[in-house]
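Colleague: Here it is: the structure, laid out below.
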Amino acid sequence: MSSLVVVGTQWGDEGKGKVVDSLAQSARMVVRFQGGPNAGHTVWVNGKQSILHQVPSGILTPGVVCVIGCGCVIDPYVLTEELAALRRMKVKVGGRLLIDFRCHMILPYHRGLDAAIEEQAGAKRIGTTKKGIGPAYSDKFGRVGIRAADLLAEETFHDKVKRNAAAANFLLMEKYKADPVSAKKLAADYWRITRPLARFIADGSLAVEQALAKGERVMFEGAQGVHLDVDLGTYPYVTTSSTGSWGVAAGAGVSPLWLDEVAGVCKAYTTRVGDGPFPTELVGADGDRLRQLGGEYGATTGRPRRCGWFDAGVVRASVRYNKLTALVVTKLDVLDTFDQIKVCAGYTLDGRNVDEFDPVHAAELKPRYETVPGWQQPICHARRYAELPRAARQYLALIEELTGCPVAMVSVGRGRDQLILAKPRALGWLSGRTAHHQDTRRQRPAAGQQKD
Ligand code: IMP
């Protein structure tokens, strides 16, 4: 297979960064297609931790070209810091990173608005990361956004920043009683800060399409999770982008017909950060235990994550929305010490049994649990599926049965080597099956070449 989409199947933080980093070993290109610095992809290589926010996780594999696709929003401050951190780790970025010139920019007034809107909403807040994501996408869809391409023309850039900062200041001061930004200073500062980024700005859509047309192996890296999707998620408690496979075409700027397969990453339990419905949330000691054992604190904000049992309805909906071909189950080792483990197989709603996860009534869904025995032994040393205890394999079989999707890989620790192949044949990417795509575009005859 020459193209693979990797998405989160729950509410984000499923461990996509680790999975993409591992699968990128055999990729030529890794492309982010949505979101921005709200993402925090944690990858451990040789005992060292990297948290990537905007740069695709493929950057940690030498030779892989990374593209920030046109569906992303970029905070140039955060990106500059991220690139400096990569340089300190001696990761070569030059010639390997490309920012689509259509990407929209996050400016300080977007962050200011994000915080002010949340503050004013009080108990009805979304629980955003306050990274300015919603307001930046609002400018994009309001058709007044500032794009990466604007960083290539000084006068246009200054004009647009001043115009947008004035509009944002009006809201900040009049509606939210918050501090304004200095438009003139902002335009000058940002022009200076963003200069070093200009060399990465190019036509990302064209680069991705050319790689696919050559049959090169291209991976599309999702951020957040399917149930944070702006259309299919638990609206309004969602992020502002399209987080599933349906977002790839628009967010990378390529036809959906290029996509070969979609893998979904899910934790062996469920977490959610921020507000919004969460049917299997555990608020007592079991929730605290999961949070502690799993180190469940936000990679971007440090907030404690809400924790609960595996919700098969949530993942089954992701399988359906994405047409997932395989699951990758992460953090199975976090369940090592539980004597009993619960799995939500379906729900009740107003006393009726309901099988499907319903995002509109998610707050009223009551989980129907199946309880299975735990394995009560450490599994972090297992490197082959057969080395997993029987109860752990039975737990994975139950996940497969309830979600209707095969588990191709299982993660039993944070290291690169702690990713076990379970049903590798479910994921064509692993066996490197040949691409079936052909470039069907008519080629223009080269100058001087005879036409038949
Ligand atoms: P925003 O994307 O900052 O606007 O936040 C909207 C919702 O998405 C909030 O509930 C956030 O906590 C959640 N969210 C955004 N990015 C991530 C992520 O990378 N992992 C988990 N949750 C996220």
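FYI, nothing fancy with the structure tokens labels: chains A, B, ... in order, residues from 1 per chain, ligands from 1 as they appear.
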Taking only C-alpha atoms and all ligand atoms and a cut-off of 8 Å, can you tell me which residues surround ligand 1, written as a tab-separated table (two decimals) with N, CA and C atoms, in the first residue's frame?

Modeller:
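Result file is result.tsv:
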```
chain	number	residue	atom	x	y	z
A	11	TRP	N	-11.20	10.42	21.92
A	11	TRP	CA	-11.21	11.89	22.07
A	11	TRP	C	-9.79	12.43	22.09
A	12	GLY	N	-8.92	11.86	21.28
A	12	GLY	CA	-7.55	12.33	21.23
A	12	GLY	C	-6.67	11.64	22.26
A	13	ASP	N	-5.36	11.89	22.15
A	13	ASP	CA	-4.37	11.36	23.10
A	13	ASP	C	-4.31	9.84	23.09
A	35	GLY	N	-5.83	20.67	12.29
A	35	GLY	CA	-5.42	21.03	13.63
A	35	GLY	C	-4.18	21.92	13.63
A	37	PRO	N	-1.37	23.71	16.99
A	37	PRO	CA	-0.61	23.44	18.22
A	37	PRO	C	-1.47	22.96	19.38
A	38	ASN	N	-2.76	22.69	19.14
A	38	ASN	CA	-3.57	22.04	20.18
A	38	ASN	C	-3.13	20.58	20.34
A	39	ALA	N	-2.50	20.02	19.30
A	39	ALA	CA	-2.04	18.63	19.36
A	39	ALA	C	-0.75	18.54	20.16
A	40	GLY	N	-0.54	17.41	20.81
A	40	GLY	CA	0.72	17.17	21.51
A	40	GLY	C	1.08	15.72	21.29
A	41	HIS	N	1.89	15.46	20.27
A	41	HIS	CA	2.23	14.07	19.94
A	41	HIS	C	3.54	13.69	20.64
A	114	ASP	N	-9.73	33.14	22.19
A	114	ASP	CA	-10.02	31.78	22.68
A	114	ASP	C	-10.20	31.81	24.20
A	126	ILE	N	-16.03	25.06	26.56
A	126	ILE	CA	-15.68	23.83	25.83
A	126	ILE	C	-14.51	23.12	26.53
A	127	GLY	N	-13.68	23.92	27.21
A	127	GLY	CA	-12.45	23.34	27.78
A	127	GLY	C	-11.38	23.27	26.73
A	128	THR	N	-11.25	24.33	25.92
A	128	THR	CA	-10.28	24.31	24.81
A	128	THR	C	-8.85	24.35	25.34
A	129	THR	N	-7.91	24.16	24.45
A	129	THR	CA	-6.49	24.24	24.83
A	129	THR	C	-6.03	25.70	24.92
A	130	LYS	N	-6.88	26.62	24.53
A	130	LYS	CA	-6.58	28.07	24.52
A	130	LYS	C	-5.41	28.40	23.61
A	131	LYS	N	-5.24	27.62	22.58
A	131	LYS	CA	-4.15	27.88	21.63
A	131	LYS	C	-4.63	28.73	20.45
A	132	GLY	N	-5.87	29.19	20.49
A	132	GLY	CA	-6.37	30.08	19.42
A	132	GLY	C	-6.93	29.33	18.22
A	133	ILE	N	-7.17	28.01	18.39
A	133	ILE	CA	-7.57	27.18	17.25
A	133	ILE	C	-8.93	27.61	16.68
A	134	GLY	N	-9.94	27.69	17.54
A	134	GLY	CA	-11.30	28.04	17.08
A	134	GLY	C	-11.33	29.40	16.38
A	223	ALA	N	-4.69	14.38	13.93
A	223	ALA	CA	-4.50	14.92	15.29
A	223	ALA	C	-5.87	14.91	15.97
A	224	GLN	N	-5.87	15.07	17.29
A	224	GLN	CA	-7.10	14.95	18.09
A	224	GLN	C	-7.73	13.56	17.84
A	225	GLY	N	-9.06	13.48	17.88
A	225	GLY	CA	-9.70	12.18	17.70
A	225	GLY	C	-11.02	12.36	17.00
A	228	LEU	N	-13.85	14.31	18.43
A	228	LEU	CA	-13.64	15.77	18.55
A	228	LEU	C	-13.84	16.43	17.19
A	237	TYR	N	-18.77	20.26	21.97
A	237	TYR	CA	-17.54	19.95	22.70
A	237	TYR	C	-16.56	19.24	21.75
A	238	VAL	N	-16.10	19.97	20.79
A	238	VAL	CA	-15.25	19.42	19.72
A	238	VAL	C	-14.16	20.42	19.40
A	239	THR	N	-13.25	20.03	18.56
A	239	THR	CA	-12.29	20.99	18.03
A	239	THR	C	-12.87	21.53	16.71
A	240	THR	N	-12.11	22.38	16.00
A	240	THR	CA	-12.75	23.05	14.86
A	240	THR	C	-12.31	22.50	13.51
A	272	ARG	N	-10.44	11.60	28.10
A	272	ARG	CA	-10.92	12.82	27.45
A	272	ARG	C	-10.36	14.00	28.24
A	273	VAL	N	-9.89	15.02	27.54
A	273	VAL	CA	-9.43	16.22	28.22
A	273	VAL	C	-10.30	17.37	27.73
A	274	GLY	N	-10.70	18.23	28.66
A	274	GLY	CA	-11.67	19.26	28.29
A	274	GLY	C	-13.07	18.79	28.67
A	275	ASP	N	-14.06	19.64	28.41
A	275	ASP	CA	-15.43	19.33	28.83
A	275	ASP	C	-16.14	18.49	27.77
A	276	GLY	N	-17.39	18.10	28.09
A	276	GLY	CA	-18.18	17.34	27.12
A	276	GLY	C	-18.51	15.95	27.62
A	298	GLY	N	-2.38	16.11	30.06
A	298	GLY	CA	-2.28	16.63	28.69
A	298	GLY	C	-0.87	17.00	28.28
A	299	ALA	N	-0.45	16.56	27.06
A	299	ALA	CA	0.90	16.86	26.55
A	299	ALA	C	1.02	18.34	26.16
A	300	THR	N	-0.11	18.99	25.86
A	300	THR	CA	-0.07	20.39	25.45
A	300	THR	C	-0.35	21.31	26.63
```

Colleague: Using only C-alpha atoms, which residues sit within 12 Å of Pro367 (chain A) once same-chain residues fewer than 4 positions away are excluded, as an MDAnalysis selection string?

Modeller: chainID A and resid 278:282 308:314 342:349 351:357 362:363

Colleague: Extract, using only C-alpha atoms, all DNA, RNA and protein residues at most 12 Å from Ser255 (chain A), discarding same-chain residues fewer than 5 positions from it, and format them as a VMD selection string.

Modeller: chain A and resid 205 to 206 208 to 209 212 to 213 245 to 250 260

Colleague: Residues of region 44-129 of chain A in alpha helix (DSSP H) according to DSSP, as a ChimeraX atom specification?

Modeller: /A:76-88,108-121

Colleague: Find the spatial neighbours of Ala397 (chain A), counting only C-alpha atoms, within a cut-off of 9 Å - ignore same-chain residues fewer than 4 positions away - and output them as an MDAnalysis selection string.

Modeller: chainID A and resid 392:393 401:402 406:407

Colleague: Only N, CA, C and O atoms, please: the residues just picked out, written as a compact mmCIF listing (two decimals), in the first residue's frame.

Modeller:
```txt
# COMPACT_ATOMS: atom_id res chain seq x y z
N ALA A 392 -5.02 -11.19 28.36
CA ALA A 392 -4.79 -9.97 27.57
C ALA A 392 -5.22 -10.20 26.12
O ALA A 392 -5.84 -9.35 25.48
N ARG A 393 -4.92 -11.39 25.61
CA ARG A 393 -5.32 -11.72 24.23
C ARG A 393 -6.84 -11.81 24.13
O ARG A 393 -7.44 -11.39 23.14
N GLU A 401 -14.21 -8.06 18.54
CA GLU A 401 -15.59 -8.52 18.35
C GLU A 401 -16.58 -7.35 18.47
O GLU A 401 -17.48 -7.19 17.65
N LEU A 402 -16.37 -6.51 19.47
CA LEU A 402 -17.33 -5.43 19.73
C LEU A 402 -17.20 -4.26 18.75
O LEU A 402 -18.16 -3.54 18.51
N PRO A 406 -10.26 -5.65 13.06
CA PRO A 406 -9.11 -6.41 13.58
C PRO A 406 -8.06 -5.52 14.24
O PRO A 406 -7.85 -4.39 13.81
N VAL A 407 -7.42 -6.06 15.28
CA VAL A 407 -6.34 -5.34 15.94
C VAL A 407 -5.03 -5.76 15.27
O VAL A 407 -4.59 -6.89 15.40
```

Colleague: Would you pick out the contacts of Ile99 (chain A) at 8 Å or less, using only C-alpha atoms, so that residues sharing its chain but fewer than 3 positions from it are not included, and give the list as a ChimeraX atom specification?

Modeller: /A:67-70,103,148,200-204

Colleague: Report as a ChimeraX atom specification all protein, DNA and RNA residues lying within 12 Å of Ile146 (chain A), evaluated on only C-alpha atoms, omitting residues in the same chain fewer than 2 positions from it.

Modeller: /A:73-76,101-107,110,136-144,148-153,156-165,187,190

Colleague: Please report the interatomic distance between CA of Gly251 (chain A) and CA of Arg32 (chain A) in Å with one decimal.

Modeller: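 So the two atoms, CA of Gly251 (chain A) and CA of Arg32 (chain A), lie 7.9 Å apart.
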
Colleague: Which of region 5-194 of chain A end up as strand (DSSP E or B) when DSSP is run on this backbone - answer as an NGL selection string?

Modeller: :A and (5-8 or 29-32 or 35 or 41-45 or 48-52 or 65-68 or 72-74 or 97-100 or 104-105 or 147)

Colleague: Find the distance between CA of Lys18 (chain A) and CA of Arg390 (chain A) and write it in Å to one decimal.

Modeller: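 That distance, rounded to one decimal, is 25.4 Å.
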